[in-house]
file entry37.csv (CSV, N, CA and C atoms)
chain,number,residue,atom,x,y,z
A,1,MET,N,196.6,24.7,64.7
A,1,MET,CA,196.3,25.8,63.7
A,1,MET,C,195.3,26.8,64.3
A,2,GLU,N,195.6,28.0,64.0
A,2,GLU,CA,194.7,29.1,64.5
A,2,GLU,C,193.8,29.5,63.4
A,3,PHE,N,192.5,29.6,63.7
A,3,PHE,CA,191.5,30.0,62.7
A,3,PHE,C,191.3,31.5,62.9
A,4,ALA,N,192.0,32.4,62.2
A,4,ALA,CA,191.8,33.8,62.3
A,4,ALA,C,190.8,34.3,61.3
A,5,HIS,N,189.7,33.6,61.2
A,5,HIS,CA,188.7,33.9,60.3
A,5,HIS,C,187.6,34.8,61.0
A,6,ARG,N,187.2,35.9,60.3
A,6,ARG,CA,186.2,36.8,60.8
A,6,ARG,C,184.9,36.3,60.4
A,7,SER,N,184.0,36.0,61.3
A,7,SER,CA,182.6,35.6,61.0
A,7,SER,C,181.8,36.7,60.4
A,8,VAL,N,181.4,36.6,59.1
A,8,VAL,CA,180.7,37.6,58.4
A,8,VAL,C,179.2,37.4,58.6
A,9,LEU,N,178.5,38.5,58.6
A,9,LEU,CA,177.0,38.4,58.8
A,9,LEU,C,176.6,37.7,60.0
A,10,LEU,N,177.5,37.8,61.1
A,10,LEU,CA,177.3,37.0,62.3
A,10,LEU,C,175.9,37.2,62.9
A,11,HIS,N,175.6,38.5,63.2
A,11,HIS,CA,174.3,38.8,63.9
A,11,HIS,C,173.1,38.5,63.0
A,12,GLU,N,173.3,38.8,61.7
A,12,GLU,CA,172.2,38.5,60.8
A,12,GLU,C,171.9,37.0,60.7
A,13,CYS,N,172.9,36.2,60.7
A,13,CYS,CA,172.7,34.7,60.7
A,13,CYS,C,172.1,34.2,62.0
A,14,ILE,N,172.6,34.7,63.1
A,14,ILE,CA,172.1,34.3,64.4
A,14,ILE,C,170.6,34.7,64.5
A,15,ASP,N,170.3,35.9,64.1
A,15,ASP,CA,168.9,36.4,64.1
A,15,ASP,C,168.0,35.5,63.2
A,16,ALA,N,168.5,35.2,62.0
A,16,ALA,CA,167.7,34.4,61.1
A,16,ALA,C,167.5,33.0,61.6
A,17,LEU,N,168.4,32.5,62.3
A,17,LEU,CA,168.1,31.1,62.9
A,17,LEU,C,167.1,31.1,64.0
A,18,ALA,N,166.8,32.2,64.6
A,18,ALA,CA,165.9,32.3,65.7
A,18,ALA,C,166.1,31.2,66.7
A,19,ILE,N,167.2,31.1,67.3
A,19,ILE,CA,167.7,30.0,68.1
A,19,ILE,C,166.8,29.8,69.3
A,20,LYS,N,166.3,28.6,69.4
A,20,LYS,CA,165.5,28.2,70.6
A,20,LYS,C,166.4,27.5,71.6
A,21,PRO,N,166.3,27.8,72.9
A,21,PRO,CA,167.2,27.2,73.9
A,21,PRO,C,167.2,25.7,73.9
A,22,ASP,N,166.1,25.1,73.4
A,22,ASP,CA,166.0,23.6,73.3
A,22,ASP,C,166.1,23.0,71.9
A,23,GLY,N,166.6,23.9,71.0
A,23,GLY,CA,166.6,23.5,69.6
A,23,GLY,C,167.8,22.6,69.2
A,24,ILE,N,167.8,22.1,68.0
A,24,ILE,CA,168.9,21.3,67.5
A,24,ILE,C,169.3,22.0,66.2
A,25,TYR,N,170.6,22.4,66.2
A,25,TYR,CA,171.2,23.2,65.1
A,25,TYR,C,172.4,22.5,64.5
A,26,VAL,N,172.7,22.7,63.3
A,26,VAL,CA,173.8,22.1,62.6
A,26,VAL,C,174.6,23.2,61.9
A,27,ASP,N,175.9,23.1,62.1
A,27,ASP,CA,176.9,24.0,61.3
A,27,ASP,C,177.6,23.0,60.5
A,28,GLY,N,177.3,22.9,59.2
A,28,GLY,CA,177.9,22.0,58.3
A,28,GLY,C,179.3,22.3,57.8
A,29,THR,N,179.7,23.5,58.1
A,29,THR,CA,181.1,23.9,57.7
A,29,THR,C,181.7,24.6,59.0
A,30,LEU,N,182.0,23.9,60.0
A,30,LEU,CA,182.3,24.3,61.3
A,30,LEU,C,183.5,25.3,61.4
A,31,GLY,N,184.6,24.9,60.7
A,31,GLY,CA,185.8,25.8,60.8
A,31,GLY,C,186.2,26.0,62.2
A,32,GLY,N,186.5,27.3,62.6
A,32,GLY,CA,186.9,27.7,63.9
A,32,GLY,C,185.8,27.9,64.9
A,33,ALA,N,184.6,27.6,64.5
A,33,ALA,CA,183.4,27.7,65.3
A,33,ALA,C,183.0,29.1,65.7
A,34,GLY,N,183.2,30.1,64.8
A,34,GLY,CA,182.8,31.5,65.0
A,34,GLY,C,181.3,31.6,65.2
A,35,HIS,N,180.6,31.2,64.2
A,35,HIS,CA,179.1,31.2,64.3
A,35,HIS,C,178.6,30.2,65.3
A,36,SER,N,179.2,29.0,65.4
A,36,SER,CA,178.8,28.0,66.3
A,36,SER,C,178.9,28.4,67.7
A,37,SER,N,179.9,29.2,68.1
A,37,SER,CA,180.0,29.6,69.5
A,37,SER,C,178.8,30.5,69.9
A,38,HIS,N,178.3,31.2,69.0
A,38,HIS,CA,177.2,32.1,69.3
A,38,HIS,C,175.9,31.2,69.3
A,39,ILE,N,175.8,30.2,68.6
A,39,ILE,CA,174.7,29.3,68.7
A,39,ILE,C,174.7,28.6,70.0
A,40,ALA,N,175.9,28.0,70.3
A,40,ALA,CA,176.0,27.2,71.5
A,40,ALA,C,175.7,28.0,72.8
A,41,ALA,N,176.1,29.2,72.8
A,41,ALA,CA,175.9,30.1,73.9
A,41,ALA,C,174.4,30.3,74.2
A,42,ARG,N,173.6,30.1,73.2
A,42,ARG,CA,172.1,30.4,73.4
A,42,ARG,C,171.4,29.1,73.8
A,43,LEU,N,172.0,28.0,73.8
A,43,LEU,CA,171.4,26.7,74.1
A,43,LEU,C,171.3,26.4,75.6
A,44,ARG,N,170.3,25.9,76.0
A,44,ARG,CA,170.1,25.5,77.5
A,44,ARG,C,170.0,23.9,77.5
A,45,THR,N,169.1,23.4,76.8
A,45,THR,CA,168.9,21.9,76.7
A,45,THR,C,169.1,21.4,75.3
A,46,GLY,N,169.3,22.4,74.4
A,46,GLY,CA,169.5,22.0,73.0
A,46,GLY,C,170.8,21.4,72.6
A,47,ARG,N,171.0,21.3,71.3
A,47,ARG,CA,172.2,20.6,70.8
A,47,ARG,C,172.7,21.3,69.5
A,48,LEU,N,174.0,21.4,69.4
A,48,LEU,CA,174.7,21.8,68.2
A,48,LEU,C,175.5,20.7,67.7
A,49,ILE,N,175.3,20.4,66.4
A,49,ILE,CA,176.1,19.4,65.7
A,49,ILE,C,177.0,20.2,64.7
A,50,GLY,N,178.3,20.1,64.9
A,50,GLY,CA,179.3,20.8,64.1
A,50,GLY,C,180.0,19.8,63.2
A,51,ILE,N,180.1,20.0,61.9
A,51,ILE,CA,180.7,19.1,61.0
A,51,ILE,C,181.8,19.8,60.2
A,52,ASP,N,183.0,19.2,60.2
A,52,ASP,CA,184.1,19.6,59.3
A,52,ASP,C,184.9,18.4,59.0
A,53,GLN,N,185.5,18.4,57.8
A,53,GLN,CA,186.3,17.3,57.4
A,53,GLN,C,187.8,17.5,57.8
A,54,ASP,N,188.1,18.7,58.2
A,54,ASP,CA,189.5,19.1,58.6
A,54,ASP,C,189.7,18.8,60.1
A,55,ALA,N,190.7,17.9,60.4
A,55,ALA,CA,191.0,17.6,61.7
A,55,ALA,C,191.4,18.8,62.6
A,56,GLU,N,192.2,19.7,61.9
A,56,GLU,CA,192.6,20.9,62.6
A,56,GLU,C,191.4,21.8,63.0
A,57,ALA,N,190.4,21.9,62.1
A,57,ALA,CA,189.2,22.6,62.4
A,57,ALA,C,188.5,22.0,63.6
A,58,ILE,N,188.4,20.7,63.6
A,58,ILE,CA,187.7,20.1,64.7
A,58,ILE,C,188.4,20.4,66.0
A,59,GLU,N,189.8,20.3,66.0
A,59,GLU,CA,190.6,20.6,67.2
A,59,GLU,C,190.4,22.1,67.7
A,60,ALA,N,190.4,23.0,66.7
A,60,ALA,CA,190.2,24.4,67.1
A,60,ALA,C,188.8,24.7,67.6
A,61,ALA,N,187.8,24.0,67.0
A,61,ALA,CA,186.4,24.2,67.4
A,61,ALA,C,186.2,23.6,68.8
A,62,THR,N,186.8,22.5,69.0
A,62,THR,CA,186.7,21.8,70.3
A,62,THR,C,187.1,22.8,71.4
A,63,LYS,N,188.2,23.4,71.2
A,63,LYS,CA,188.7,24.4,72.2
A,63,LYS,C,187.8,25.6,72.4
A,64,ARG,N,187.3,26.1,71.3
A,64,ARG,CA,186.5,27.3,71.3
A,64,ARG,C,185.1,27.0,71.9
A,65,LEU,N,184.6,25.8,71.7
A,65,LEU,CA,183.3,25.4,72.2
A,65,LEU,C,183.3,24.7,73.6
A,66,GLU,N,184.4,24.7,74.2
A,66,GLU,CA,184.6,24.0,75.5
A,66,GLU,C,183.6,24.5,76.5
A,67,PRO,N,183.3,25.8,76.6
A,67,PRO,CA,182.3,26.2,77.7
A,67,PRO,C,180.9,25.6,77.5
A,68,TRP,N,180.6,25.1,76.3
A,68,TRP,CA,179.3,24.6,76.0
A,68,TRP,C,179.3,23.1,75.6
A,69,GLN,N,180.4,22.4,76.0
A,69,GLN,CA,180.6,21.1,75.5
A,69,GLN,C,179.5,20.1,75.8
A,70,GLU,N,178.7,20.3,76.8
A,70,GLU,CA,177.5,19.4,77.1
A,70,GLU,C,176.4,19.5,76.0
A,71,HIS,N,176.5,20.6,75.2
A,71,HIS,CA,175.5,20.8,74.2
A,71,HIS,C,176.0,20.6,72.8
A,72,VAL,N,177.3,20.2,72.6
A,72,VAL,CA,178.0,20.2,71.4
A,72,VAL,C,178.4,18.8,71.0
A,73,THR,N,178.2,18.4,69.7
A,73,THR,CA,178.7,17.2,69.2
A,73,THR,C,179.5,17.6,67.9
A,74,LEU,N,180.7,17.3,67.8
A,74,LEU,CA,181.6,17.6,66.7
A,74,LEU,C,181.8,16.3,65.9
A,75,VAL,N,181.7,16.4,64.6
A,75,VAL,CA,181.9,15.2,63.7
A,75,VAL,C,182.9,15.6,62.6
A,76,ARG,N,183.9,14.7,62.4
A,76,ARG,CA,184.8,14.9,61.3
A,76,ARG,C,184.2,14.2,60.1
A,77,ASP,N,183.7,15.0,59.2
A,77,ASP,CA,183.0,14.4,58.0
A,77,ASP,C,182.8,15.6,57.1
A,78,ASN,N,182.3,15.3,55.9
A,78,ASN,CA,181.9,16.3,54.9
A,78,ASN,C,180.4,16.6,55.0
A,79,TYR,N,180.0,17.8,54.9
A,79,TYR,CA,178.6,18.2,55.0
A,79,TYR,C,177.8,17.5,54.0
A,80,CYS,N,178.3,17.0,52.9
A,80,CYS,CA,177.6,16.3,51.9
A,80,CYS,C,177.0,15.0,52.6
A,81,ASN,N,177.6,14.5,53.6
A,81,ASN,CA,177.1,13.4,54.3
A,81,ASN,C,176.2,13.7,55.5
A,82,LEU,N,175.7,14.9,55.5
A,82,LEU,CA,174.8,15.3,56.7
A,82,LEU,C,173.7,14.4,57.0
A,83,PRO,N,172.9,13.9,56.0
A,83,PRO,CA,171.8,13.0,56.4
A,83,PRO,C,172.3,11.8,57.1
A,84,ALA,N,173.4,11.2,56.7
A,84,ALA,CA,174.0,10.0,57.3
A,84,ALA,C,174.5,10.4,58.7
A,85,VAL,N,175.1,11.5,58.9
A,85,VAL,CA,175.7,12.0,60.2
A,85,VAL,C,174.5,12.1,61.2
A,86,LEU,N,173.4,12.8,60.7
A,86,LEU,CA,172.3,13.0,61.6
A,86,LEU,C,171.7,11.6,62.0
A,87,ASN,N,171.5,10.8,61.0
A,87,ASN,CA,171.0,9.4,61.2
A,87,ASN,C,171.8,8.7,62.3
A,88,SER,N,173.1,8.7,62.2
A,88,SER,CA,174.0,8.0,63.1
A,88,SER,C,173.9,8.6,64.5
A,89,LEU,N,173.5,9.8,64.6
A,89,LEU,CA,173.3,10.4,66.0
A,89,LEU,C,171.8,10.3,66.4
A,90,GLY,N,171.0,9.6,65.7
A,90,GLY,CA,169.6,9.4,66.1
A,90,GLY,C,168.8,10.7,65.9
A,91,ILE,N,169.1,11.6,65.1
A,91,ILE,CA,168.4,12.9,64.9
A,91,ILE,C,167.7,12.8,63.6
A,92,ASP,N,166.4,13.1,63.6
A,92,ASP,CA,165.6,13.1,62.4
A,92,ASP,C,165.0,14.4,62.1
A,93,LYS,N,165.1,15.4,63.0
A,93,LYS,CA,164.6,16.7,62.8
A,93,LYS,C,165.6,17.7,63.4
A,94,VAL,N,165.7,18.9,62.7
A,94,VAL,CA,166.6,19.9,63.2
A,94,VAL,C,165.8,21.2,63.1
A,95,ASP,N,166.3,22.2,63.9
A,95,ASP,CA,165.6,23.5,63.9
A,95,ASP,C,166.4,24.5,63.0
A,96,GLY,N,167.6,24.3,62.7
A,96,GLY,CA,168.3,25.2,61.8
A,96,GLY,C,169.6,24.6,61.3
A,97,ILE,N,170.0,24.9,60.1
A,97,ILE,CA,171.2,24.4,59.5
A,97,ILE,C,172.0,25.6,58.9
A,98,MET,N,173.3,25.7,59.1
A,98,MET,CA,174.1,26.7,58.5
A,98,MET,C,175.2,26.0,57.7
A,99,PHE,N,175.5,26.6,56.5
A,99,PHE,CA,176.7,26.2,55.7
A,99,PHE,C,177.4,27.5,55.3
A,100,GLU,N,178.7,27.4,55.2
A,100,GLU,CA,179.5,28.6,54.8
A,100,GLU,C,179.9,28.3,53.3
A,101,TYR,N,179.6,29.2,52.5
A,101,TYR,CA,179.9,29.0,51.1
A,101,TYR,C,180.9,30.1,50.6
A,102,ARG,N,181.9,29.8,49.9
A,102,ARG,CA,182.8,30.8,49.3
A,102,ARG,C,182.9,30.5,47.8
A,103,HIS,N,183.1,31.5,47.1
A,103,HIS,CA,183.3,31.3,45.7
A,103,HIS,C,184.7,31.8,45.3
A,104,ARG,N,185.3,31.1,44.4
A,104,ARG,CA,186.7,31.4,44.0
A,104,ARG,C,186.7,32.6,43.0
A,105,THR,N,187.6,33.5,43.2
A,105,THR,CA,187.8,34.6,42.3
A,105,THR,C,189.3,34.6,41.9
A,106,ASP,N,189.7,35.4,41.0
A,106,ASP,CA,191.1,35.5,40.5
A,106,ASP,C,192.0,35.9,41.7
A,107,SER,N,191.5,36.6,42.6
A,107,SER,CA,192.3,37.1,43.7
A,107,SER,C,192.2,36.2,44.9
A,108,GLY,N,191.5,35.1,44.9
A,108,GLY,CA,191.3,34.3,46.0
A,108,GLY,C,189.9,34.0,46.3
A,109,PHE,N,189.6,33.6,47.6
A,109,PHE,CA,188.2,33.4,48.0
A,109,PHE,C,187.5,34.6,48.4
A,110,SER,N,186.3,34.7,48.1
A,110,SER,CA,185.5,35.9,48.5
A,110,SER,C,185.2,35.8,50.0
A,111,PRO,N,184.7,36.9,50.6
A,111,PRO,CA,184.3,36.8,52.0
A,111,PRO,C,183.2,35.7,52.2
A,112,SER,N,183.2,35.1,53.4
A,112,SER,CA,182.3,34.0,53.7
A,112,SER,C,180.9,34.5,54.0
A,113,VAL,N,179.9,33.7,53.6
A,113,VAL,CA,178.5,34.0,54.0
A,113,VAL,C,177.9,32.7,54.5
A,114,LYS,N,177.3,32.8,55.6
A,114,LYS,CA,176.6,31.6,56.1
A,114,LYS,C,175.1,31.8,56.0
A,115,VAL,N,174.4,30.7,55.6
A,115,VAL,CA,173.0,30.8,55.3
A,115,VAL,C,172.3,29.7,56.1
A,116,GLY,N,171.2,30.1,56.7
A,116,GLY,CA,170.3,29.1,57.3
A,116,GLY,C,169.2,28.8,56.4
A,117,PHE,N,169.1,27.5,56.0
A,117,PHE,CA,168.1,27.2,55.0
A,117,PHE,C,167.5,25.8,55.3
A,118,GLN,N,166.9,25.6,56.4
A,118,GLN,CA,166.5,24.3,56.8
A,118,GLN,C,165.3,23.8,55.9
A,119,LYS,N,164.5,24.6,55.3
A,119,LYS,CA,163.4,24.2,54.5
A,119,LYS,C,163.9,23.6,53.1
A,120,LEU,N,164.9,24.3,52.6
A,120,LEU,CA,165.5,23.8,51.3
A,120,LEU,C,166.2,22.5,51.6
A,121,PHE,N,166.9,22.4,52.7
A,121,PHE,CA,167.6,21.2,53.0
A,121,PHE,C,166.6,20.0,53.2
A,122,ASN,N,165.5,20.3,53.8
A,122,ASN,CA,164.5,19.3,54.1
A,122,ASN,C,164.0,18.8,52.8
A,123,ALA,N,163.7,19.7,51.8
A,123,ALA,CA,163.2,19.3,50.5
A,123,ALA,C,164.1,18.4,49.8
A,124,ARG,N,165.4,18.6,49.9
A,124,ARG,CA,166.4,17.9,49.2
A,124,ARG,C,166.8,16.5,49.9
A,125,PHE,N,166.9,16.6,51.2
A,125,PHE,CA,167.5,15.4,51.9
A,125,PHE,C,166.5,14.8,52.9
A,126,GLY,N,165.3,15.3,53.1
A,126,GLY,CA,164.4,14.7,54.0
A,126,GLY,C,164.6,14.9,55.4
A,127,VAL,N,165.3,15.9,55.8
A,127,VAL,CA,165.5,16.2,57.2
A,127,VAL,C,164.6,17.3,57.6
A,128,ALA,N,163.6,17.0,58.4
A,128,ALA,CA,162.5,17.9,58.7
A,128,ALA,C,162.8,18.9,59.7
A,129,PRO,N,162.4,20.2,59.5
A,129,PRO,CA,162.5,21.2,60.6
A,129,PRO,C,161.6,20.8,61.8
A,130,ARG,N,162.1,21.0,63.0
A,130,ARG,CA,161.2,20.7,64.2
A,130,ARG,C,160.2,21.7,64.4

call {"tool": "encode", "arguments": {"input": "entry37.csv", "output": "structure tokens"}}
result
Amino acid sequence: MEFAHRSVLLHECIDALAIKPDGIYVDGTLGGAGHSSHIAARLRTGRLIGIDQDAEAIEAATKRLEPWQEHVTLVRDNYCNLPAVLNSLGIDKVDGIMFEYRHRTDSGFSPSVKVGFQKLFNARFGVAPR
């Protein structure tokens, strides 16, 4: 499957994450790895955790993120299970988290928006920003 999805607010999201080369980042709605490829490209010793429940998305993201594979861990799961996913990977703190949210309209789904909100997630699920 080809993911012909245009990453919206790409530069704004990447800027908002203030990616550190040694940071740990999560993309909870990985899809075709549009935003994730830009995160991974900025990592030197850091790590990107990409989560998607769609096997075809994981396959597409694996190909797209191949140049940075030493910094990437892809997990087939639902972002609702993020605390358990991070726990299984031995991660108790992250530097940034992104999720893609869409809302349904009568004419289909609206454009995607990704949001970094590690403080909100920390308050809800106990995953602390580093």

call {"tool": "closest_residue", "arguments": {"input": "entry37.csv", "among": "A:Leu10, A:Ala61, A:Leu82, A:Val94", "to": "His35 (chain A)", "atoms": "all atoms listed in the file"}}
result
A:Leu10

call {"tool": "atom_distance", "arguments": {"input": "entry37.csv", "atom1": "atom C of His71 (chain A)", "atom2": "CA of Ala33 (chain A)"}}
result
12.7 Å

call {"tool": "residues_around", "arguments": {"input": "entry37.csv", "residues": "Pro21 (chain A)", "least_positions_apart": "2", "cutoff": "7 Å", "atoms": "all atoms listed in the file", "output": "list in words"}}
result
Ile19, Gly23, Ile24, Arg42, Leu43, Arg44, Thr45, Gly46 and Arg47 of chain A

call {"tool": "atom_distance", "arguments": {"input": "entry37.csv", "atom1": "CA of Asn78 (chain A)", "atom2": "CA of Glu56 (chain A)"}}
result
14.0 Å

call {"tool": "residues_around", "arguments": {"input": "entry37.csv", "residues": "Thr73 (chain A)", "least_positions_apart": "6", "cutoff": "7 Å", "atoms": "all atoms listed in the file", "output": "list in words"}}
result
Arg47, Leu48, Ile49, Gly50 and Ile51 of chain A

call {"tool": "atom_distance", "arguments": {"input": "entry37.csv", "atom1": "CA of Gly90 (chain A)", "atom2": "CA of Asp15 (chain A)"}}
result
27.1 Å

call {"tool": "closest_residue", "arguments": {"input": "entry37.csv", "among": "A:Val75, A:Val26, A:Ala60, A:Ile39", "to": "Ile97 (chain A)", "atoms": "all atoms listed in the file"}}
result
A:Val26

call {"tool": "closest_residue", "arguments": {"input": "entry37.csv", "among": "A:Ala57, A:Ala16, A:Leu30, A:Leu74", "to": "Leu86 (chain A)", "atoms": "only C-alpha atoms"}}
result
A:Leu74

call {"tool": "closest_residue", "arguments": {"input": "entry37.csv", "among": "A:Ile91, A:Phe99, A:Ala40, A:Pro83", "to": "Trp68 (chain A)", "atoms": "all atoms listed in the file"}}
result
A:Ala40

call {"tool": "closest_residue", "arguments": {"input": "entry37.csv", "among": "A:Glu66, A:Asp77, A:Asp27, A:Glu100", "to": "Asp54 (chain A)", "atoms": "only N, CA and C atoms"}}
result
A:Asp77

call {"tool": "build_atoms", "arguments": {"input": "entry37.csv", "residues": "region 55-77 of chain A", "atoms": "N, CA, C and O atoms", "output": "PDB file, in the frame of the given file"}}
result
ATOM      1  N   ALA A  55     190.700  17.900  60.400  1.00  0.00           N
ATOM      2  CA  ALA A  55     191.000  17.600  61.700  1.00  0.00           C
ATOM      3  C   ALA A  55     191.400  18.800  62.600  1.00  0.00           C
ATOM      4  O   ALA A  55     191.089  18.894  63.747  1.00  0.00           O
ATOM      5  N   GLU A  56     192.200  19.700  61.900  1.00  0.00           N
ATOM      6  CA  GLU A  56     192.600  20.900  62.600  1.00  0.00           C
ATOM      7  C   GLU A  56     191.400  21.800  63.000  1.00  0.00           C
ATOM      8  O   GLU A  56     191.422  22.466  64.006  1.00  0.00           O
ATOM      9  N   ALA A  57     190.400  21.900  62.100  1.00  0.00           N
ATOM     10  CA  ALA A  57     189.200  22.600  62.400  1.00  0.00           C
ATOM     11  C   ALA A  57     188.500  22.000  63.600  1.00  0.00           C
ATOM     12  O   ALA A  57     188.038  22.772  64.461  1.00  0.00           O
ATOM     13  N   ILE A  58     188.400  20.700  63.600  1.00  0.00           N
ATOM     14  CA  ILE A  58     187.700  20.100  64.700  1.00  0.00           C
ATOM     15  C   ILE A  58     188.400  20.400  66.000  1.00  0.00           C
ATOM     16  O   ILE A  58     187.826  20.672  67.061  1.00  0.00           O
ATOM     17  N   GLU A  59     189.800  20.300  66.000  1.00  0.00           N
ATOM     18  CA  GLU A  59     190.600  20.600  67.200  1.00  0.00           C
ATOM     19  C   GLU A  59     190.400  22.100  67.700  1.00  0.00           C
ATOM     20  O   GLU A  59     190.142  22.325  68.836  1.00  0.00           O
ATOM     21  N   ALA A  60     190.400  23.000  66.700  1.00  0.00           N
ATOM     22  CA  ALA A  60     190.200  24.400  67.100  1.00  0.00           C
ATOM     23  C   ALA A  60     188.800  24.700  67.600  1.00  0.00           C
ATOM     24  O   ALA A  60     188.603  25.371  68.602  1.00  0.00           O
ATOM     25  N   ALA A  61     187.800  24.000  67.000  1.00  0.00           N
ATOM     26  CA  ALA A  61     186.400  24.200  67.400  1.00  0.00           C
ATOM     27  C   ALA A  61     186.200  23.600  68.800  1.00  0.00           C
ATOM     28  O   ALA A  61     185.437  24.124  69.605  1.00  0.00           O
ATOM     29  N   THR A  62     186.800  22.500  69.000  1.00  0.00           N
ATOM     30  CA  THR A  62     186.700  21.800  70.300  1.00  0.00           C
ATOM     31  C   THR A  62     187.100  22.800  71.400  1.00  0.00           C
ATOM     32  O   THR A  62     186.445  22.888  72.473  1.00  0.00           O
ATOM     33  N   LYS A  63     188.200  23.400  71.200  1.00  0.00           N
ATOM     34  CA  LYS A  63     188.700  24.400  72.200  1.00  0.00           C
ATOM     35  C   LYS A  63     187.800  25.600  72.400  1.00  0.00           C
ATOM     36  O   LYS A  63     187.440  25.988  73.486  1.00  0.00           O
ATOM     37  N   ARG A  64     187.300  26.100  71.300  1.00  0.00           N
ATOM     38  CA  ARG A  64     186.500  27.300  71.300  1.00  0.00           C
ATOM     39  C   ARG A  64     185.100  27.000  71.900  1.00  0.00           C
ATOM     40  O   ARG A  64     184.520  27.842  72.591  1.00  0.00           O
ATOM     41  N   LEU A  65     184.600  25.800  71.700  1.00  0.00           N
ATOM     42  CA  LEU A  65     183.300  25.400  72.200  1.00  0.00           C
ATOM     43  C   LEU A  65     183.300  24.700  73.600  1.00  0.00           C
ATOM     44  O   LEU A  65     182.250  24.318  74.040  1.00  0.00           O
ATOM     45  N   GLU A  66     184.400  24.700  74.200  1.00  0.00           N
ATOM     46  CA  GLU A  66     184.600  24.000  75.500  1.00  0.00           C
ATOM     47  C   GLU A  66     183.600  24.500  76.500  1.00  0.00           C
ATOM     48  O   GLU A  66     183.012  23.638  77.263  1.00  0.00           O
ATOM     49  N   PRO A  67     183.300  25.800  76.600  1.00  0.00           N
ATOM     50  CA  PRO A  67     182.300  26.200  77.700  1.00  0.00           C
ATOM     51  C   PRO A  67     180.900  25.600  77.500  1.00  0.00           C
ATOM     52  O   PRO A  67     180.150  25.568  78.463  1.00  0.00           O
ATOM     53  N   TRP A  68     180.600  25.100  76.300  1.00  0.00           N
ATOM     54  CA  TRP A  68     179.300  24.600  76.000  1.00  0.00           C
ATOM     55  C   TRP A  68     179.300  23.100  75.600  1.00  0.00           C
ATOM     56  O   TRP A  68     178.409  22.621  74.969  1.00  0.00           O
ATOM     57  N   GLN A  69     180.400  22.400  76.000  1.00  0.00           N
ATOM     58  CA  GLN A  69     180.600  21.100  75.500  1.00  0.00           C
ATOM     59  C   GLN A  69     179.500  20.100  75.800  1.00  0.00           C
ATOM     60  O   GLN A  69     179.262  19.167  74.994  1.00  0.00           O
ATOM     61  N   GLU A  70     178.700  20.300  76.800  1.00  0.00           N
ATOM     62  CA  GLU A  70     177.500  19.400  77.100  1.00  0.00           C
ATOM     63  C   GLU A  70     176.400  19.500  76.000  1.00  0.00           C
ATOM     64  O   GLU A  70     175.552  18.693  75.945  1.00  0.00           O
ATOM     65  N   HIS A  71     176.500  20.600  75.200  1.00  0.00           N
ATOM     66  CA  HIS A  71     175.500  20.800  74.200  1.00  0.00           C
ATOM     67  C   HIS A  71     176.000  20.600  72.800  1.00  0.00           C
ATOM     68  O   HIS A  71     175.318  20.908  71.791  1.00  0.00           O
ATOM     69  N   VAL A  72     177.300  20.200  72.600  1.00  0.00           N
ATOM     70  CA  VAL A  72     178.000  20.200  71.400  1.00  0.00           C
ATOM     71  C   VAL A  72     178.400  18.800  71.000  1.00  0.00           C
ATOM     72  O   VAL A  72     179.009  18.093  71.805  1.00  0.00           O
ATOM     73  N   THR A  73     178.200  18.400  69.700  1.00  0.00           N
ATOM     74  CA  THR A  73     178.700  17.200  69.200  1.00  0.00           C
ATOM     75  C   THR A  73     179.500  17.600  67.900  1.00  0.00           C
ATOM     76  O   THR A  73     178.869  18.181  66.995  1.00  0.00           O
ATOM     77  N   LEU A  74     180.700  17.300  67.800  1.00  0.00           N
ATOM     78  CA  LEU A  74     181.600  17.600  66.700  1.00  0.00           C
ATOM     79  C   LEU A  74     181.800  16.300  65.900  1.00  0.00           C
ATOM     80  O   LEU A  74     182.145  15.251  66.499  1.00  0.00           O
ATOM     81  N   VAL A  75     181.700  16.400  64.600  1.00  0.00           N
ATOM     82  CA  VAL A  75     181.900  15.200  63.700  1.00  0.00           C
ATOM     83  C   VAL A  75     182.900  15.600  62.600  1.00  0.00           C
ATOM     84  O   VAL A  75     182.677  16.566  61.914  1.00  0.00           O
ATOM     85  N   ARG A  76     183.900  14.700  62.400  1.00  0.00           N
ATOM     86  CA  ARG A  76     184.800  14.900  61.300  1.00  0.00           C
ATOM     87  C   ARG A  76     184.200  14.200  60.100  1.00  0.00           C
ATOM     88  O   ARG A  76     184.292  12.955  60.005  1.00  0.00           O
ATOM     89  N   ASP A  77     183.700  15.000  59.200  1.00  0.00           N
ATOM     90  CA  ASP A  77     183.000  14.400  58.000  1.00  0.00           C
ATOM     91  C   ASP A  77     182.800  15.600  57.100  1.00  0.00           C
ATOM     92  O   ASP A  77     183.083  16.729  57.393  1.00  0.00           O
TER      93      ASP A  77
END
